[in-house]
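Asker: Quick one, entry-v8.txt (compact mmCIF, C-alpha atoms and all ligand atoms):
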# COMPACT_ATOMS: atom_id res chain seq x y z
CA MET A 220 0.00 0.00 0.00
CA LYS A 221 1.29 3.43 -0.97
CA ALA A 222 -1.21 5.86 0.58
CA ARG A 223 -1.00 7.32 4.06
CA ILE A 224 -4.11 6.44 6.07
CA ILE A 225 -5.95 9.42 7.52
CA ASP A 226 -7.01 8.15 10.94
CA GLY A 227 -10.43 9.67 11.63
CA THR A 228 -10.83 7.77 14.89
CA SER A 229 -7.79 9.39 16.52
CA ILE A 230 -8.44 12.86 15.03
CA ALA A 231 -12.06 12.69 16.28
CA LEU A 232 -10.78 11.74 19.74
CA GLN A 233 -8.54 14.80 19.70
CA VAL A 234 -11.54 17.02 18.75
CA ARG A 235 -13.63 15.45 21.54
CA ARG A 236 -10.87 16.13 24.08
CA GLU A 237 -10.69 19.77 22.94
CA VAL A 238 -14.49 20.04 23.26
CA ALA A 239 -14.43 18.44 26.73
CA ARG A 240 -11.91 21.08 27.88
CA GLY A 241 -14.10 23.82 26.35
CA VAL A 242 -17.18 22.44 28.11
CA GLU A 243 -15.37 22.48 31.46
CA GLU A 244 -14.45 26.15 30.97
CA PHE A 245 -18.01 26.94 29.84
CA CYS A 246 -19.49 25.28 32.96
CA GLN A 247 -17.16 27.22 35.27
CA LYS A 248 -18.00 30.50 33.58
CA CYS A 249 -21.74 30.08 33.00
CA GLY A 250 -22.74 27.75 35.85
CA ARG A 251 -24.46 25.28 33.51
CA SER A 252 -23.49 22.74 30.87
CA PRO A 253 -24.28 23.10 27.15
CA GLY A 254 -27.50 21.28 26.15
CA LEU A 255 -27.93 19.24 22.97
CA HIS A 256 -31.48 18.11 22.10
CA VAL A 257 -32.09 15.59 19.33
CA ILE A 258 -35.52 14.93 17.81
CA LEU A 259 -36.00 11.39 16.49
CA ALA A 260 -39.29 10.58 14.75
CA GLY A 261 -40.08 7.00 13.77
CA ASP A 262 -38.29 3.73 14.45
CA ASP A 263 -35.62 3.46 11.75
CA PRO A 264 -32.99 1.24 13.43
CA GLY A 265 -30.04 3.02 11.76
CA SER A 266 -31.23 6.44 12.94
CA ALA A 267 -31.84 5.06 16.47
CA VAL A 268 -28.20 3.87 16.66
CA TYR A 269 -26.87 7.23 15.37
CA VAL A 270 -29.00 9.19 17.83
CA ARG A 271 -28.01 7.06 20.83
CA GLY A 272 -24.36 7.65 19.78
CA LYS A 273 -24.93 11.42 19.71
CA GLU A 274 -26.58 11.42 23.16
CA LYS A 275 -23.78 9.30 24.67
CA ALA A 276 -21.04 11.39 23.08
CA ALA A 277 -22.62 14.60 24.43
CA GLU A 278 -22.67 13.18 27.94
CA GLU A 279 -19.06 11.97 27.65
CA VAL A 280 -17.81 15.52 27.03
CA GLY A 281 -19.88 16.88 29.94
CA MET A 282 -22.85 18.23 27.99
CA HIS A 283 -26.49 17.64 28.76
CA GLY A 284 -27.91 15.38 26.02
CA LYS A 285 -31.61 14.65 25.53
CA VAL A 286 -33.44 12.70 22.83
CA HIS A 287 -37.11 13.41 22.06
CA ARG A 288 -38.44 10.12 20.64
CA LEU A 289 -41.68 10.48 18.69
CA PRO A 290 -43.83 8.10 16.66
CA ALA A 291 -43.51 8.00 12.87
CA ASP A 292 -47.06 9.37 12.50
CA VAL A 293 -46.43 12.38 14.76
CA ASP A 294 -48.49 15.44 13.81
CA PRO A 295 -46.16 17.86 11.93
CA GLU A 296 -47.71 20.74 13.88
CA TYR A 297 -46.69 19.05 17.14
CA LEU A 298 -43.12 18.71 15.83
CA VAL A 299 -42.93 22.39 14.94
CA LYS A 300 -44.39 23.27 18.38
CA LEU A 301 -41.69 21.15 20.06
CA VAL A 302 -38.96 22.86 18.02
CA ARG A 303 -40.35 26.28 19.06
CA GLU A 304 -40.37 25.24 22.74
CA LEU A 305 -36.72 24.16 22.45
CA ASN A 306 -35.91 27.46 20.68
CA ALA A 307 -37.34 29.33 23.68
CA ASP A 308 -35.65 27.16 26.36
CA PRO A 309 -32.48 28.91 27.61
CA ALA A 310 -30.97 25.55 28.70
CA VAL A 311 -31.02 24.27 25.11
CA ASP A 312 -28.04 25.30 22.95
CA GLY A 313 -28.26 22.81 20.10
CA ILE A 314 -31.27 21.30 18.30
CA LEU A 315 -30.87 18.48 15.79
CA VAL A 316 -33.74 16.91 13.85
CA GLN A 317 -32.54 13.46 12.81
CA LEU A 318 -32.94 12.87 9.07
CA PRO A 319 -34.49 11.35 7.10
CA LEU A 320 -37.83 12.11 8.73
CA PRO A 321 -40.50 9.44 8.13
CA GLY A 322 -42.35 9.88 4.83
CA GLY A 323 -45.10 12.45 4.92
CA LEU A 324 -43.37 14.81 7.36
CA PRO A 325 -42.43 18.15 5.76
CA SER A 326 -38.67 18.11 6.49
CA GLN A 327 -37.87 21.59 5.20
CA SER A 328 -40.57 23.43 7.15
CA ILE A 329 -39.50 21.61 10.33
CA LEU A 330 -35.81 22.46 9.75
CA ASP A 331 -36.82 26.06 8.99
CA ALA A 332 -38.45 26.31 12.43
CA VAL A 333 -35.13 25.71 14.25
CA ASP A 334 -33.53 28.89 15.66
CA PRO A 335 -30.48 29.43 13.37
CA LEU A 336 -28.35 30.08 16.49
CA LYS A 337 -29.26 26.59 17.79
CA ASP A 338 -29.12 24.85 14.39
CA VAL A 339 -26.10 22.65 15.16
CA ASP A 340 -26.62 20.74 11.88
CA GLY A 341 -26.16 23.95 9.87
CA PHE A 342 -29.16 23.06 7.68
CA HIS A 343 -31.25 26.22 8.30
CA PRO A 344 -31.36 28.47 5.19
CA ILE A 345 -29.69 31.27 7.23
CA ASN A 346 -26.68 29.03 7.91
CA VAL A 347 -26.66 27.67 4.34
CA GLY A 348 -26.65 31.27 3.07
CA ALA A 349 -23.88 32.25 5.50
CA LEU A 350 -21.66 29.43 4.21
CA TRP A 351 -22.16 30.49 0.58
CA SER A 352 -21.64 34.16 1.44
CA GLY A 353 -18.43 33.51 3.39
CA LEU A 354 -20.11 34.83 6.56
CA PRO A 355 -19.83 33.31 10.06
CA GLY A 356 -22.49 30.67 10.74
CA ILE A 357 -22.90 27.05 11.78
CA VAL A 358 -21.28 24.61 9.34
CA PRO A 359 -22.75 21.11 8.72
CA CYS A 360 -20.90 18.46 10.74
CA THR A 361 -19.89 15.91 8.09
CA PRO A 362 -18.35 18.34 5.58
CA ASN A 363 -16.76 20.28 8.45
CA GLY A 364 -15.26 16.97 9.62
CA CYS A 365 -13.92 16.32 6.11
CA MET A 366 -12.24 19.75 6.09
CA ARG A 367 -10.61 18.96 9.44
CA LEU A 368 -9.33 15.64 8.05
CA LEU A 369 -7.90 17.44 4.99
CA ARG A 370 -6.14 19.97 7.24
CA GLU A 371 -4.79 17.23 9.54
CA ALA A 372 -3.55 15.33 6.47
CA GLY A 373 -1.67 18.48 5.38
CA ALA A 374 -3.55 18.60 2.07
CA HIS A 375 -2.71 21.60 -0.08
CA LEU A 376 -6.06 23.24 -0.97
CA VAL A 377 -5.29 26.68 -2.43
CA GLY A 378 -5.63 26.40 -6.20
CA ALA A 379 -5.94 22.59 -6.00
CA ARG A 380 -8.46 20.76 -8.19
CA ALA A 381 -11.14 19.40 -5.88
CA LEU A 382 -13.89 17.08 -7.08
CA VAL A 383 -16.93 16.47 -4.90
CA VAL A 384 -18.90 13.44 -6.10
CA GLY A 385 -22.46 13.86 -4.78
CA ARG A 386 -24.71 16.92 -4.50
CA SER A 387 -26.75 16.28 -1.35
CA HIS A 388 -27.84 19.13 0.92
CA MET A 389 -26.19 17.36 3.87
CA VAL A 390 -22.74 16.69 2.37
CA GLY A 391 -22.01 17.40 -1.32
CA LYS A 392 -23.25 20.99 -1.57
CA PRO A 393 -21.84 22.31 1.75
CA MET A 394 -18.57 20.43 1.11
CA SER A 395 -18.21 22.26 -2.21
CA GLY A 396 -18.79 25.62 -0.50
CA LEU A 397 -16.19 24.92 2.18
CA LEU A 398 -13.58 23.86 -0.41
CA LEU A 399 -14.36 26.97 -2.46
CA ASN A 400 -13.98 29.15 0.67
CA ALA A 401 -10.58 27.46 1.13
CA HIS A 402 -9.64 28.60 -2.42
CA ALA A 403 -9.76 25.21 -4.13
CA THR A 404 -10.96 24.97 -7.73
CA VAL A 405 -14.14 22.99 -7.16
CA THR A 406 -16.15 20.71 -9.45
CA ILE A 407 -19.36 19.00 -8.32
CA ALA A 408 -20.12 15.66 -10.01
CA HIS A 409 -23.35 13.67 -9.69
CA SER A 410 -25.33 10.84 -11.22
CA LYS A 411 -25.73 12.69 -14.54
CA THR A 412 -22.05 13.68 -14.89
CA GLU A 413 -20.48 12.44 -18.12
CA ASN A 414 -17.22 10.51 -17.98
CA LEU A 415 -16.91 10.44 -14.18
CA PRO A 416 -13.71 8.32 -14.23
CA ASP A 417 -11.84 11.08 -16.12
CA ARG A 418 -13.27 13.81 -13.86
CA CYS A 419 -11.89 11.81 -10.91
CA ARG A 420 -8.49 11.34 -12.58
CA ASP A 421 -8.14 15.16 -12.72
CA ALA A 422 -8.71 15.63 -8.98
CA ASP A 423 -5.98 16.46 -6.45
CA ILE A 424 -8.65 16.27 -3.75
CA LEU A 425 -11.45 13.74 -4.20
CA ILE A 426 -14.49 13.71 -1.90
CA ALA A 427 -16.75 10.69 -2.45
CA ALA A 428 -20.29 11.21 -1.12
CA ILE A 429 -22.54 9.21 -3.42
CA GLY A 430 -23.74 6.32 -1.27
CA ARG A 431 -22.79 3.47 -3.65
CA ALA A 432 -20.47 0.73 -2.41
CA LYS A 433 -16.94 0.86 -3.92
CA MET A 434 -18.17 2.79 -6.98
CA ILE A 435 -14.93 4.75 -7.38
CA ALA A 436 -12.25 2.38 -8.69
CA GLY A 437 -8.53 2.51 -7.92
CA ASP A 438 -7.65 3.41 -11.51
CA TRP A 439 -9.90 6.50 -11.34
CA ILE A 440 -7.58 8.06 -8.73
CA LYS A 441 -4.88 10.58 -9.64
CA PRO A 442 -1.49 9.42 -8.32
CA GLY A 443 -0.76 11.20 -5.03
CA ALA A 444 -4.34 12.56 -4.60
CA THR A 445 -5.98 12.97 -1.20
CA VAL A 446 -9.18 10.88 -1.02
CA ILE A 447 -11.93 11.46 1.56
CA ASP A 448 -14.59 8.75 1.53
CA VAL A 449 -17.90 9.83 3.10
CA GLY A 450 -19.70 6.64 2.00
CA MET A 451 -21.09 4.18 4.55
CA ASN A 452 -22.37 1.13 2.68
CA ARG A 453 -22.45 -2.66 2.95
CA ASP A 454 -20.52 -4.70 0.39
CA GLU A 455 -21.64 -8.01 -1.14
CA HIS A 456 -20.52 -9.82 2.07
CA GLY A 457 -22.43 -7.42 4.34
CA LYS A 458 -19.19 -5.72 5.45
CA LEU A 459 -19.06 -1.93 5.97
CA CYS A 460 -17.39 -0.14 3.07
CA GLY A 461 -17.15 3.29 1.49
CA ASP A 462 -17.90 4.71 -1.95
CA VAL A 463 -14.27 4.14 -2.96
CA ASP A 464 -12.62 0.78 -3.63
CA PHE A 465 -10.19 1.21 -0.74
CA ALA A 466 -7.71 -1.53 -1.64
CA GLY A 467 -7.32 -0.28 -5.22
CA ALA A 468 -7.28 3.43 -4.33
CA ALA A 469 -4.73 2.99 -1.54
CA GLU A 470 -2.20 1.78 -4.14
CA VAL A 471 -2.43 5.09 -6.02
CA ALA A 472 -3.54 7.88 -3.63
CA GLY A 473 -1.18 9.94 -1.49
CA ALA A 474 -3.55 9.82 1.50
CA ILE A 475 -6.96 8.22 2.04
CA THR A 476 -9.60 7.78 4.76
CA PRO A 477 -10.69 4.23 5.63
CA VAL A 478 -14.30 3.08 6.15
CA PRO A 479 -15.01 2.58 9.00
CA GLY A 480 -12.63 4.83 10.96
CA GLY A 481 -12.44 7.83 8.61
CA VAL A 482 -15.20 10.41 8.23
CA GLY A 483 -17.77 8.59 10.43
CA PRO A 484 -16.27 9.39 13.85
CA MET A 485 -15.68 13.02 12.79
CA THR A 486 -19.39 13.77 12.29
CA ILE A 487 -20.28 13.32 15.97
CA ALA A 488 -17.10 15.09 17.12
CA LEU A 489 -17.94 18.14 15.01
CA LEU A 490 -21.57 18.06 16.24
CA LEU A 491 -20.20 18.40 19.79
CA GLU A 492 -17.94 21.25 18.65
CA ASN A 493 -20.89 23.02 16.97
CA THR A 494 -22.96 22.65 20.17
CA LEU A 495 -20.19 24.14 22.32
CA LYS A 496 -19.71 27.02 19.84
CA ALA A 497 -23.48 27.66 19.79
CA ALA A 498 -23.58 27.72 23.61
CA ILE A 499 -20.63 30.14 23.80
CA ALA A 500 -22.15 32.38 21.08
CA ARG A 501 -25.52 32.54 22.89
CA GLU A 502 -23.94 33.31 26.28
CA SER A 503 -21.81 36.10 24.84
CA ARG A 504 -24.72 37.92 23.16
N1 LIG A 601 -28.83 11.64 9.22
C1 LIG A 601 -27.62 11.19 8.75
N2 LIG A 601 -26.66 12.13 8.96
C2 LIG A 601 -27.27 13.18 9.56
C3 LIG A 601 -26.80 14.44 10.02
O1 LIG A 601 -25.62 14.82 9.91
N3 LIG A 601 -27.74 15.25 10.60
C4 LIG A 601 -29.04 14.88 10.72
N4 LIG A 601 -29.88 15.75 11.27
N5 LIG A 601 -29.51 13.71 10.29
C5 LIG A 601 -28.62 12.87 9.72
Would you mind writing the file out in structure tokens?
Ligand code: GUN

Answerer:
Amino acid sequence: MKARIIDGTSIALQVRREVARGVEEFCQKCGRSPGLHVILAGDDPGSAVYVRGKEKAAEEVGMHGKVHRLPADVDPEYLVKLVRELNADPAVDGILVQLPLPGGLPSQSILDAVDPLKDVDGFHPINVGALWSGLPGIVPCTPNGCMRLLREAGAHLVGARALVVGRSHMVGKPMSGLLLNAHATVTIAHSKTENLPDRCRDADILIAAIGRAKMIAGDWIKPGATVIDVGMNRDEHGKLCGDVDFAGAAEVAGAITPVPGGVGPMTIALLLENTLKAAIARESR
């Protein structure tokens, strides 16, 4: 193997330690701990595992974590009312609505109800607009985690050719904005992109966020490129794998994230960081 492995598990641990120190300082200064509230509607087992992980991680760094578990057929008006109550509660610093919401619930109008100052996912239009305007705001956790991995890997971004494969609101689009703000030359590819292998071969920085197991082959990678794999899929044997064929890509890339142990642990770490930042910002208003 040629590529250096970017160890998301140990970088995430470092972020969590920094957050834990920040929480201790916050508690001493403000006499309370930051509060993270997660809303989980429905009984999707994957979402339940994620949410329990978020609650546990919040408690481990000294925050107050609470999950609001609601049935899949919850009245959308009740959900918006709950969000408004959390907006008004001074003990709540971060509100996260776990996605995807069960079919039939109007995701956007529920996300729009979250106070932008408590929107620790960075999905509110005010925070989306701030990112694209280069203004301060809350940045979505997964792309923010990818940027931290790129920095820790020493990737050169200014003027570099960056390709983001995937155009989701949660990852692809905000990732492209962050890379652009870091002065990379950014291309966004998606399911309709022509000749994706050649687009990939041009990229110094390749972010894979498509959600298809091992779709990006080793011979699509530019020699020496930095590869960040956001994918979390199951392969034909039921084993966790990314969007990139890791074994093939690791022979060509300069640095690459594994799956698991790459981007995954960073998402929760950056959620904790966003919650602490939101708490500090609210207390200093
Ligand atoms: N579901 C999968 N990832 C995420 C995330 O980052 N935020 C929310 N709210 N839901 C998710």

Asker: When you draw a straight line from CA of Lys441 in chain A to CA of Asp464 in chain A, how long is it in Å?

Answerer: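 Going from CA of Lys441 in chain A over to CA of Asp464 in chain A, I get 13.9 Å.
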
Asker: Around ligand LIG 601 (chain A), out to 10 Å and counting only C-alpha atoms and all ligand atoms, which residues are there? I want them as a ChimeraX atom specification.

Answerer: /A:257-259,265-266,269-270,314-320,330,338-342,359-362,389-390,483,486-487,489-490

Asker: CA of Gly437 in chain A and CA of Ile225 in chain A, how far apart in Å?

Answerer: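 We find that CA of Ile225 in chain A and CA of Gly437 in chain A lie 17.1 Å from each other.
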
Asker: Using only C-alpha atoms, give me every residue within 12 Å of (-10.7, 12.7, -9.5) in file coordinates, as a ChimeraX atom specification.

Answerer: /A:379-384,405-408,414-427,435-447,463,468,471-472

Asker: What are the centre and the three edge lengths of an axis-aligned box that wraps all atoms of range 484-496 of chain A in the file, given that 6 Å is added to every side, written as lines of an AutoDock Vina configuration file and rounded to one decimal in Å?

Answerer:
center_x = -19.3
center_y = 18.2
center_z = 17.3
size_x = 19.3
size_y = 29.6
size_z = 22.0

Asker: Need the shell around Arg235 in chain A: protein/DNA/RNA residues with any atom at most 8 Å away, counting only C-alpha atoms. Skip same-chain ones fewer than 2 positions apart. Format as an MDAnalysis selection string?

Answerer: chainID A and resid 231:233 237:239 280 488 491:492

Asker: Quick one, how far is CA of Gly364 in chain A from CA of Lys221 in chain A?

Answerer: 23.9 Å

Asker: Name the closest residue to Asp263 in chain A among the candidates A:Leu354, A:Ala277, A:Ala466, A:Leu289; distances are taken between atoms, counting only C-alpha atoms.

Answerer: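 Among A:Leu354, A:Ala277, A:Ala466, A:Leu289, it is A:Leu289 that comes nearest to Asp263 in chain A.
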
Asker: With distances taken over all atoms listed in the file, which of A:Leu336, A:Gly457, A:Val358, A:His375 is nearest to Arg504 in chain A?

Answerer: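 When distances to Arg504 in chain A are compared using all atoms listed in the file, the smallest one comes from A:Leu336.
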